[in-house]
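**Q** One file is attached below, input01.pdb, containing PDB, C-alpha atoms.
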```
ATOM      1  CA  ASN Q  19      75.460  -5.799 103.429  1.00  0.00           C
ATOM      2  CA  HIS Q  20      74.657  -3.514 106.316  1.00  0.00           C
ATOM      3  CA  SER Q  21      75.780  -0.372 104.346  1.00  0.00           C
ATOM      4  CA  LEU Q  22      73.802  -1.469 101.294  1.00  0.00           C
ATOM      5  CA  THR Q  23      70.708  -1.934 103.403  1.00  0.00           C
ATOM      6  CA  LEU Q  24      71.143   1.559 104.940  1.00  0.00           C
ATOM      7  CA  THR Q  25      71.527   3.120 101.515  1.00  0.00           C
ATOM      8  CA  LEU Q  26      68.409   1.462 100.124  1.00  0.00           C
ATOM      9  CA  THR Q  27      66.230   2.173 103.133  1.00  0.00           C
ATOM     10  CA  VAL Q  28      67.236   5.758 104.133  1.00  0.00           C
ATOM     11  CA  ILE Q  29      69.387   7.627 101.626  1.00  0.00           C
ATOM     12  CA  PHE Q  30      67.669   6.535  98.420  1.00  0.00           C
ATOM     13  CA  PRO Q  31      64.141   7.675  99.454  1.00  0.00           C
ATOM     14  CA  LEU Q  32      65.499  11.068 100.520  1.00  0.00           C
ATOM     15  CA  TRP Q  33      67.248  11.485  97.192  1.00  0.00           C
ATOM     16  CA  VAL Q  34      64.086  10.536  95.325  1.00  0.00           C
ATOM     17  CA  ALA Q  35      62.052  13.103  97.305  1.00  0.00           C
ATOM     18  CA  LYS Q  36      64.531  15.856  96.534  1.00  0.00           C
ATOM     19  CA  MET Q  37      64.470  15.017  92.825  1.00  0.00           C
ATOM     20  CA  LYS Q  38      60.655  15.170  92.807  1.00  0.00           C
ATOM     21  CA  VAL Q  39      60.700  18.640  94.403  1.00  0.00           C
ATOM     22  CA  LEU Q  40      63.295  19.840  91.882  1.00  0.00           C
ATOM     23  CA  ILE Q  41      61.311  18.516  88.898  1.00  0.00           C
ATOM     24  CA  ILE Q  42      58.049  20.063  90.141  1.00  0.00           C
ATOM     25  CA  SER Q  43      59.722  23.480  90.709  1.00  0.00           C
ATOM     26  CA  LEU Q  44      61.218  23.428  87.218  1.00  0.00           C
ATOM     27  CA  LEU Q  45      57.849  22.596  85.656  1.00  0.00           C
ATOM     28  CA  TYR Q  46      55.792  25.229  87.488  1.00  0.00           C
ATOM     29  CA  LEU Q  47      58.341  28.096  87.486  1.00  0.00           C
ATOM     30  CA  PRO Q  48      57.299  29.519  84.061  1.00  0.00           C
ATOM     31  CA  LEU Q  49      53.625  29.521  85.132  1.00  0.00           C
ATOM     32  CA  VAL Q  50      54.415  31.370  88.352  1.00  0.00           C
ATOM     33  CA  THR Q  51      56.418  34.057  86.571  1.00  0.00           C
ATOM     34  CA  CYS Q  52      53.701  34.554  83.933  1.00  0.00           C
ATOM     35  CA  PHE Q  53      50.801  35.032  86.352  1.00  0.00           C
ATOM     36  CA  ALA Q  54      52.642  36.866  89.139  1.00  0.00           C
ATOM     37  CA  PRO Q  55      51.693  40.584  89.472  1.00  0.00           C
ATOM     38  CA  PRO Q  56      54.404  43.110  88.485  1.00  0.00           C
ATOM     39  CA  LEU Q  57      56.331  44.951  91.158  1.00  0.00           C
ATOM     40  CA  ASN Q  58      55.158  48.361  89.917  1.00  0.00           C
ATOM     41  CA  PRO Q  59      51.732  47.847  88.305  1.00  0.00           C
ATOM     42  CA  PRO Q  60      50.886  50.437  85.632  1.00  0.00           C
ATOM     43  CA  TRP Q  61      47.512  51.167  87.214  1.00  0.00           C
ATOM     44  CA  SER Q  62      49.032  52.165  90.585  1.00  0.00           C
ATOM     45  CA  SER Q  63      49.711  55.741  89.399  1.00  0.00           C
ATOM     46  CA  ARG Q  64      46.374  56.105  87.624  1.00  0.00           C
ATOM     47  CA  THR Q  65      43.174  57.328  89.164  1.00  0.00           C
ATOM     48  CA  SER Q  66      39.577  56.951  88.146  1.00  0.00           C
ATOM     49  CA  SER Q  67      38.175  59.874  86.150  1.00  0.00           C
ATOM     50  CA  THR Q  68      34.796  59.635  87.876  1.00  0.00           C
ATOM     51  CA  GLU Q  69      36.060  60.200  91.422  1.00  0.00           C
ATOM     52  CA  LEU Q  70      36.399  63.576  93.109  1.00  0.00           C
ATOM     53  CA  PHE Q  71      39.786  64.171  94.680  1.00  0.00           C
ATOM     54  CA  LEU Q  72      40.919  66.767  97.203  1.00  0.00           C
ATOM     55  CA  LYS Q  73      44.568  67.712  97.152  1.00  0.00           C
ATOM     56  CA  ARG Q  74      46.102  67.414 100.589  1.00  0.00           C
ATOM     57  CA  GLY Q  75      49.591  68.379 101.617  1.00  0.00           C
ATOM     58  CA  GLY Q  76      51.071  68.632  98.143  1.00  0.00           C
ATOM     59  CA  LYS Q  77      54.456  70.116  97.510  1.00  0.00           C
ATOM     60  CA  LYS Q  78      54.466  73.866  97.110  1.00  0.00           C
ATOM     61  CA  LYS Q  79      55.461  75.100  93.712  1.00  0.00           C
ATOM     62  CA  LYS Q  80      58.541  77.234  93.573  1.00  0.00           C
ATOM     63  CA  LYS Q  81      57.908  80.846  92.742  1.00  0.00           C
ATOM     64  CA  VAL Q  82      59.130  81.916  89.364  1.00  0.00           C
ATOM     65  CA  ASN Q  83      61.727  84.645  89.651  1.00  0.00           C
ATOM     66  CA  ASP Q  84      60.398  87.308  87.266  1.00  0.00           C
ATOM     67  CA  GLY Q  85      62.739  90.073  88.454  1.00  0.00           C
ATOM     68  CA  THR Q  86      60.202  91.793  90.728  1.00  0.00           C
ATOM     69  CA  ILE Q  87      61.802  93.993  93.378  1.00  0.00           C
ATOM     70  CA  THR Q  88      58.784  95.375  95.216  1.00  0.00           C
ATOM     71  CA  VAL Q  89      55.048  95.878  94.631  1.00  0.00           C
ATOM     72  CA  ASN Q  90      52.883  98.720  95.921  1.00  0.00           C
ATOM     73  CA  ARG Q  91      49.792  96.805  97.033  1.00  0.00           C
ATOM     74  CA  ALA Q  92      48.307  99.827  98.805  1.00  0.00           C
ATOM     75  CA  ALA Q  93      48.062 101.678  95.485  1.00  0.00           C
ATOM     76  CA  ARG Q  94      45.714  99.067  94.007  1.00  0.00           C
ATOM     77  CA  ARG Q  95      43.609  99.219  97.160  1.00  0.00           C
ATOM     78  CA  ASN Q  96      43.367 102.998  97.509  1.00  0.00           C
ATOM     79  CA  TYR Q  97      43.347 104.067  93.857  1.00  0.00           C
ATOM     80  CA  GLU Q  98      41.702 103.115  90.598  1.00  0.00           C
ATOM     81  CA  VAL Q  99      44.466 102.683  88.025  1.00  0.00           C
ATOM     82  CA  VAL Q 100      43.493 104.334  84.734  1.00  0.00           C
ATOM     83  CA  ASP Q 101      46.723 103.971  82.740  1.00  0.00           C
ATOM     84  CA  THR Q 102      50.225 102.564  83.266  1.00  0.00           C
ATOM     85  CA  ILE Q 103      53.609 103.032  81.621  1.00  0.00           C
ATOM     86  CA  GLU Q 104      57.117 101.644  82.135  1.00  0.00           C
ATOM     87  CA  ALA Q 105      59.715 104.199  83.151  1.00  0.00           C
ATOM     88  CA  GLY Q 106      63.435 104.045  83.649  1.00  0.00           C
ATOM     89  CA  ILE Q 107      64.956 105.537  86.771  1.00  0.00           C
ATOM     90  CA  SER Q 108      68.217 107.397  87.405  1.00  0.00           C
ATOM     91  CA  LEU Q 109      70.108 105.672  90.230  1.00  0.00           C
ATOM     92  CA  LYS Q 110      73.517 105.718  91.847  1.00  0.00           C
ATOM     93  CA  GLY Q 111      75.740 102.706  92.273  1.00  0.00           C
ATOM     94  CA  THR Q 112      75.037 102.277  95.978  1.00  0.00           C
ATOM     95  CA  GLU Q 113      71.302 102.528  95.306  1.00  0.00           C
ATOM     96  CA  VAL Q 114      71.436  99.680  92.800  1.00  0.00           C
ATOM     97  CA  LYS Q 115      73.354  97.517  95.273  1.00  0.00           C
ATOM     98  CA  SER Q 116      70.824  98.263  98.008  1.00  0.00           C
ATOM     99  CA  ILE Q 117      67.963  97.424  95.640  1.00  0.00           C
ATOM    100  CA  ARG Q 118      69.555  94.045  94.942  1.00  0.00           C
ATOM    101  CA  ASP Q 119      69.621  93.488  98.709  1.00  0.00           C
ATOM    102  CA  GLY Q 120      65.860  94.204  98.877  1.00  0.00           C
ATOM    103  CA  LYS Q 121      66.074  97.628 100.562  1.00  0.00           C
ATOM    104  CA  MET Q 122      63.554  99.479  98.372  1.00  0.00           C
ATOM    105  CA  ASN Q 123      60.096 100.610  99.518  1.00  0.00           C
ATOM    106  CA  ILE Q 124      57.662 102.407  97.165  1.00  0.00           C
ATOM    107  CA  ARG Q 125      54.580 102.304  99.393  1.00  0.00           C
ATOM    108  CA  ASP Q 126      54.562 106.050 100.151  1.00  0.00           C
ATOM    109  CA  GLY Q 127      55.972 107.177  96.813  1.00  0.00           C
ATOM    110  CA  TYR Q 128      54.400 109.532  94.282  1.00  0.00           C
ATOM    111  CA  CYS Q 129      55.412 111.196  91.009  1.00  0.00           C
ATOM    112  CA  ARG Q 130      55.184 114.713  89.617  1.00  0.00           C
ATOM    113  CA  CYS Q 131      55.482 116.004  86.073  1.00  0.00           C
ATOM    114  CA  ILE Q 132      56.572 119.615  86.601  1.00  0.00           C
ATOM    115  CA  ASP Q 133      57.925 121.041  83.346  1.00  0.00           C
ATOM    116  CA  GLY Q 134      56.027 118.790  80.937  1.00  0.00           C
ATOM    117  CA  ARG Q 135      59.261 117.127  79.791  1.00  0.00           C
ATOM    118  CA  SER Q 136      60.156 114.698  82.547  1.00  0.00           C
ATOM    119  CA  CYS Q 137      58.752 113.071  85.660  1.00  0.00           C
ATOM    120  CA  THR Q 138      60.325 112.844  89.120  1.00  0.00           C
ATOM    121  CA  LEU Q 139      59.809 110.174  91.765  1.00  0.00           C
ATOM    122  CA  PHE Q 140      59.457 111.406  95.349  1.00  0.00           C
ATOM    123  CA  ASN Q 141      59.375 109.820  98.806  1.00  0.00           C
ATOM    124  CA  VAL Q 142      60.686 106.388  97.742  1.00  0.00           C
ATOM    125  CA  HIS Q 143      62.953 104.885 100.369  1.00  0.00           C
ATOM    126  CA  ILE Q 144      66.135 103.047  99.347  1.00  0.00           C
ATOM    127  CA  GLY Q 145      68.217 101.970 102.319  1.00  0.00           C
ATOM    128  CA  LYS Q 146      71.932 102.613 102.582  1.00  0.00           C
ATOM    129  CA  HIS Q 147      74.407 100.031 101.385  1.00  0.00           C
ATOM    130  CA  THR Q 148      76.310  98.389 104.206  1.00  0.00           C
ATOM    131  CA  GLY Q 149      79.602  97.845 102.373  1.00  0.00           C
ATOM    132  CA  VAL Q 150      80.311 101.518 101.548  1.00  0.00           C
ATOM    133  CA  GLY Q 151      81.571 104.405 103.656  1.00  0.00           C
ATOM    134  CA  GLU Q 152      79.443 107.393 104.586  1.00  0.00           C
ATOM    135  CA  TYR Q 153      81.111 109.668 102.026  1.00  0.00           C
ATOM    136  CA  PHE Q 154      79.912 107.556  99.107  1.00  0.00           C
ATOM    137  CA  GLN Q 155      76.432 106.887 100.500  1.00  0.00           C
ATOM    138  CA  HIS Q 156      73.231 108.188  98.904  1.00  0.00           C
ATOM    139  CA  GLU Q 157      70.296 110.000 100.451  1.00  0.00           C
ATOM    140  CA  GLU Q 158      67.587 107.498 101.236  1.00  0.00           C
ATOM    141  CA  LEU Q 159      64.605 109.694 100.251  1.00  0.00           C
ATOM    142  CA  ARG Q 160      66.138 111.875  97.553  1.00  0.00           C
ATOM    143  CA  PRO Q 161      64.054 112.803  94.457  1.00  0.00           C
ATOM    144  CA  ARG Q 162      64.919 110.508  91.561  1.00  0.00           C
ATOM    145  CA  PRO Q 163      64.326 111.448  87.903  1.00  0.00           C
ATOM    146  CA  LEU Q 164      62.264 109.042  85.805  1.00  0.00           C
ATOM    147  CA  LEU Q 165      63.012 108.439  82.132  1.00  0.00           C
ATOM    148  CA  ILE Q 166      59.829 108.717  80.050  1.00  0.00           C
ATOM    149  CA  HIS Q 167      58.888 110.309  76.724  1.00  0.00           C
ATOM    150  CA  LYS Q 168      58.027 114.001  76.578  1.00  0.00           C
ATOM    151  CA  GLU Q 169      54.588 113.319  75.089  1.00  0.00           C
ATOM    152  CA  GLU Q 170      53.663 111.031  77.959  1.00  0.00           C
ATOM    153  CA  ALA Q 171      54.961 113.493  80.551  1.00  0.00           C
ATOM    154  CA  ARG Q 172      53.013 116.340  78.954  1.00  0.00           C
ATOM    155  CA  LYS Q 173      49.823 114.265  78.728  1.00  0.00           C
ATOM    156  CA  TRP Q 174      49.993 113.059  82.330  1.00  0.00           C
ATOM    157  CA  GLN Q 175      50.754 116.551  83.594  1.00  0.00           C
ATOM    158  CA  LYS Q 176      47.483 117.782  82.046  1.00  0.00           C
ATOM    159  CA  GLU Q 177      45.585 114.887  83.641  1.00  0.00           C
ATOM    160  CA  THR Q 178      46.974 115.652  87.101  1.00  0.00           C
ATOM    161  CA  GLU Q 179      46.329 119.408  86.829  1.00  0.00           C
ATOM    162  CA  GLN Q 180      42.864 119.306  85.235  1.00  0.00           C
ATOM    163  CA  ALA Q 181      41.259 115.994  86.264  1.00  0.00           C
ATOM    164  CA  GLY Q 182      42.823 115.833  89.738  1.00  0.00           C
ATOM    165  CA  MET Q 183      44.533 112.486  89.207  1.00  0.00           C
ATOM    166  CA  THR Q 184      47.666 111.177  90.899  1.00  0.00           C
ATOM    167  CA  ILE Q 185      50.751 109.417  89.549  1.00  0.00           C
ATOM    168  CA  VAL Q 186      51.773 106.536  91.813  1.00  0.00           C
ATOM    169  CA  PRO Q 187      54.566 103.918  91.478  1.00  0.00           C
ATOM    170  CA  LEU Q 188      52.997 100.472  91.240  1.00  0.00           C
ATOM    171  CA  LYS Q 189      55.937  98.108  90.884  1.00  0.00           C
ATOM    172  CA  ALA Q 190      59.724  98.072  90.604  1.00  0.00           C
ATOM    173  CA  TYR Q 191      61.509  95.257  88.786  1.00  0.00           C
ATOM    174  CA  PHE Q 192      64.521  94.216  86.733  1.00  0.00           C
ATOM    175  CA  ASN Q 193      63.850  93.907  82.993  1.00  0.00           C
ATOM    176  CA  ASP Q 194      65.417  91.426  80.572  1.00  0.00           C
ATOM    177  CA  LYS Q 195      68.554  93.570  80.302  1.00  0.00           C
ATOM    178  CA  ASN Q 196      68.929  93.554  84.112  1.00  0.00           C
ATOM    179  CA  LYS Q 197      68.061  97.245  84.427  1.00  0.00           C
ATOM    180  CA  VAL Q 198      65.802  98.692  87.107  1.00  0.00           C
ATOM    181  CA  LYS Q 199      62.402  99.766  85.786  1.00  0.00           C
ATOM    182  CA  VAL Q 200      59.447 101.334  87.574  1.00  0.00           C
ATOM    183  CA  GLN Q 201      55.838 100.843  86.533  1.00  0.00           C
ATOM    184  CA  ILE Q 202      53.949 104.049  87.270  1.00  0.00           C
ATOM    185  CA  GLY Q 203      50.197 104.464  87.038  1.00  0.00           C
ATOM    186  CA  LEU Q 204      47.810 107.342  86.462  1.00  0.00           C
ATOM    187  CA  CYS Q 205      45.338 106.814  89.299  1.00  0.00           C
ATOM    188  CA  ARG Q 206      42.024 108.140  90.531  1.00  0.00           C
ATOM    189  CA  GLY Q 207      41.187 108.020  94.226  1.00  0.00           C
ATOM    190  CA  LYS Q 208      38.570 105.582  95.528  1.00  0.00           C
ATOM    191  CA  ASN Q 209      35.849 106.367  98.018  1.00  0.00           C
ATOM    192  CA  VAL Q 210      34.729 104.015 100.801  1.00  0.00           C
ATOM    193  CA  ARG Q 211      32.044 102.390  98.641  1.00  0.00           C
ATOM    194  CA  ASP Q 212      34.495 101.591  95.855  1.00  0.00           C
ATOM    195  CA  LYS Q 213      36.939 100.092  98.354  1.00  0.00           C
ATOM    196  CA  ARG Q 214      34.266  97.838  99.832  1.00  0.00           C
ATOM    197  CA  GLN Q 215      33.199  96.636  96.402  1.00  0.00           C
ATOM    198  CA  ALA Q 216      36.810  95.973  95.429  1.00  0.00           C
ATOM    199  CA  ILE Q 217      37.354  93.944  98.611  1.00  0.00           C
ATOM    200  CA  LYS Q 218      34.168  91.955  97.967  1.00  0.00           C
ATOM    201  CA  ASP Q 219      35.190  91.173  94.367  1.00  0.00           C
ATOM    202  CA  ARG Q 220      38.682  90.207  95.475  1.00  0.00           C
ATOM    203  CA  ASP Q 221      37.402  87.815  98.151  1.00  0.00           C
ATOM    204  CA  SER Q 222      34.939  86.161  95.756  1.00  0.00           C
ATOM    205  CA  ASN Q 223      37.632  85.675  93.109  1.00  0.00           C
ATOM    206  CA  ARG Q 224      40.028  84.283  95.707  1.00  0.00           C
ATOM    207  CA  GLU Q 225      37.419  81.800  96.937  1.00  0.00           C
ATOM    208  CA  ALA Q 226      36.610  80.666  93.387  1.00  0.00           C
ATOM    209  CA  ASN Q 227      40.296  80.197  92.558  1.00  0.00           C
ATOM    210  CA  ARG Q 228      40.828  78.235  95.774  1.00  0.00           C
ATOM    211  CA  ILE Q 229      37.969  75.846  94.944  1.00  0.00           C
ATOM    212  CA  ILE Q 230      39.216  75.339  91.390  1.00  0.00           C
ATOM    213  CA  LYS Q 231      42.760  74.721  92.630  1.00  0.00           C
ATOM    214  CA  ASN Q 232      41.909  72.253  95.389  1.00  0.00           C
ATOM    215  CA  PHE Q 233      39.297  70.170  93.575  1.00  0.00           C
ATOM    216  CA  ARG Q 234      39.507  68.412  90.280  1.00  0.00           C
ATOM    217  CA  VAL Q 235      37.312  65.818  88.572  1.00  0.00           C
TER     218      VAL Q 235
END
```
For this file, produce the structure as structure tokens.
**A**
Amino acid sequence: NHSLTLTLTVIFPLWVAKMKVLIISLLYLPLVTCFAPPLNPPWSSRTSSTELFLKRGGKKKKKVNDGTITVNRAARRNYEVVDTIEAGISLKGTEVKSIRDGKMNIRDGYCRCIDGRSCTLFNVHIGKHTGVGEYFQHEELRPRPLLIHKEEARKWQKETEQAGMTIVPLKAYFNDKNKVKVQIGLCRGKNVRDKRQAIKDRDSNREANRIIKNFRV
């Protein structure tokens, strides 16, 4: 009798309370799952089209490797480029290896068309290759023949002799066939006024591009 009384007065009410909680949770569980917000809401990655955003601290884009070896930036600043052509260049094996190591400098280079058939590149520095002995090394500032058509060489020779223009290397790069090419330009010298105007135009274009890049609607 004592155990029956304990069961009816203590254990049975606790069991009834637990059953009520279980029934209520089973009834309301579908409603909770239906109205609960998703873990990754679709609007979290969207932004309003009417707000003005400023990009801050974004990841830098990787530069595309277009085969460029070196660029003569001083030529664009000191000369007005009238015409450009792509020319091949005669190189030795150690020179090609040094170029792949980034040891080429065309800043002080210039070209001459002497006989009207070919063009030669002067004063371009290609450093020595470290993995070769001195006997097989090349001269760092040796004249290097350029491979262009005879008509172009004859035409540019007339321009340099009559109009007082200069042939300057603008860029060196590897083409699609992995061969070294040099972009040479027929240039006219700038005076101080032209340089100032070029600097002003460059700064204004740079500022406009910066604003367009950093802000978007």
**Q** I need the residue set behind the PyMOL selection byres ((chain Q and resi 90-101) around 7) for this file; please write it as number ranges by chain.
**A** Q: 88-89, 102, 124-125, 188-189, 203-208, 213
**Q** Running the PyMOL selection byres ((chain Q and resi 132) around 12) on this model by hand, what would come out? Give it as number ranges by chain.
**A** Q: 129-131, 133-139, 163, 168, 171-176, 178-179
**Q** Evaluate the PyMOL selection byres ((chain Q and resi 144-161) around 7) against this structure - the residues, as a list of chain:residue names, please.
**A**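 Selected by the PyMOL selection byres ((chain Q and resi 144-161) around 7) in this file: Q:Thr112, Q:Glu113, Q:Lys115, Q:Ser116, Q:Ile117, Q:Lys121, Q:Met122, Q:Asn123, Q:Thr138, Q:Leu139, Q:Phe140, Q:Asn141, Q:Val142, Q:His143, Q:Arg162, Q:Pro163.
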**Q** For CA of Ile217 in chain Q and CA of Thr86 in chain Q, quote the distance in Å rounded to one decimal.
**A**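 These atoms are spaced 24.3 Å apart.
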**Q** Taking all atoms listed in the file into account, which of Q:Thr184, Q:Asn209, Q:Asn193, Q:Asn223 comes nearest Tyr128 in chain Q?
**A**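 Of Q:Thr184, Q:Asn209, Q:Asn193, Q:Asn223, the one nearest Tyr128 in chain Q is Q:Thr184, counting all atoms listed in the file.
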**Q** Any idea what the distance is between CA of Ile87 in chain Q and CA of Arg118 in chain Q?
**A** 7.9 Å
**Q** Go through Q:Leu44, Q:Tyr191, Q:Asn227, Q:Ser222 one by one, measure the shortest atom-to-atom distance of each to Gly120 in chain Q using all atoms listed in the file, and give the residue with the smallest value.
**A**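 Of Q:Leu44, Q:Tyr191, Q:Asn227, Q:Ser222, the one nearest Gly120 in chain Q is Q:Tyr191, counting all atoms listed in the file.
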**Q** Just how far from CA of Val114 in chain Q is CA of Ile202 in chain Q, in Å to one decimal?
**A**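 One can read the CA of Ile202 in chain Q to CA of Val114 in chain Q distance as 18.9 Å.
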**Q** Give the answer as one residue: which of Q:Ile42, Q:Ala181, Q:Met37, Q:Ala190 has the shortest atom-to-atom distance to Ile103 in chain Q, using all atoms listed in the file?
**A**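 Closest to Ile103 in chain Q of all the choices is Q:Ala190.
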**Q** Let me know the centre plus edge lengths, in Å and rounded to one decimal, of a box with edges along x, y and z that contains all listed atoms of range 140-151 of chain Q and is padded by 3 Å on every side, as AutoDock Vina command-line options.
**A**
```
--center_x 70.5 --center_y 104.6 --center_z 99.8 --size_x 28.2 --size_y 19.6 --size_z 14.9
```
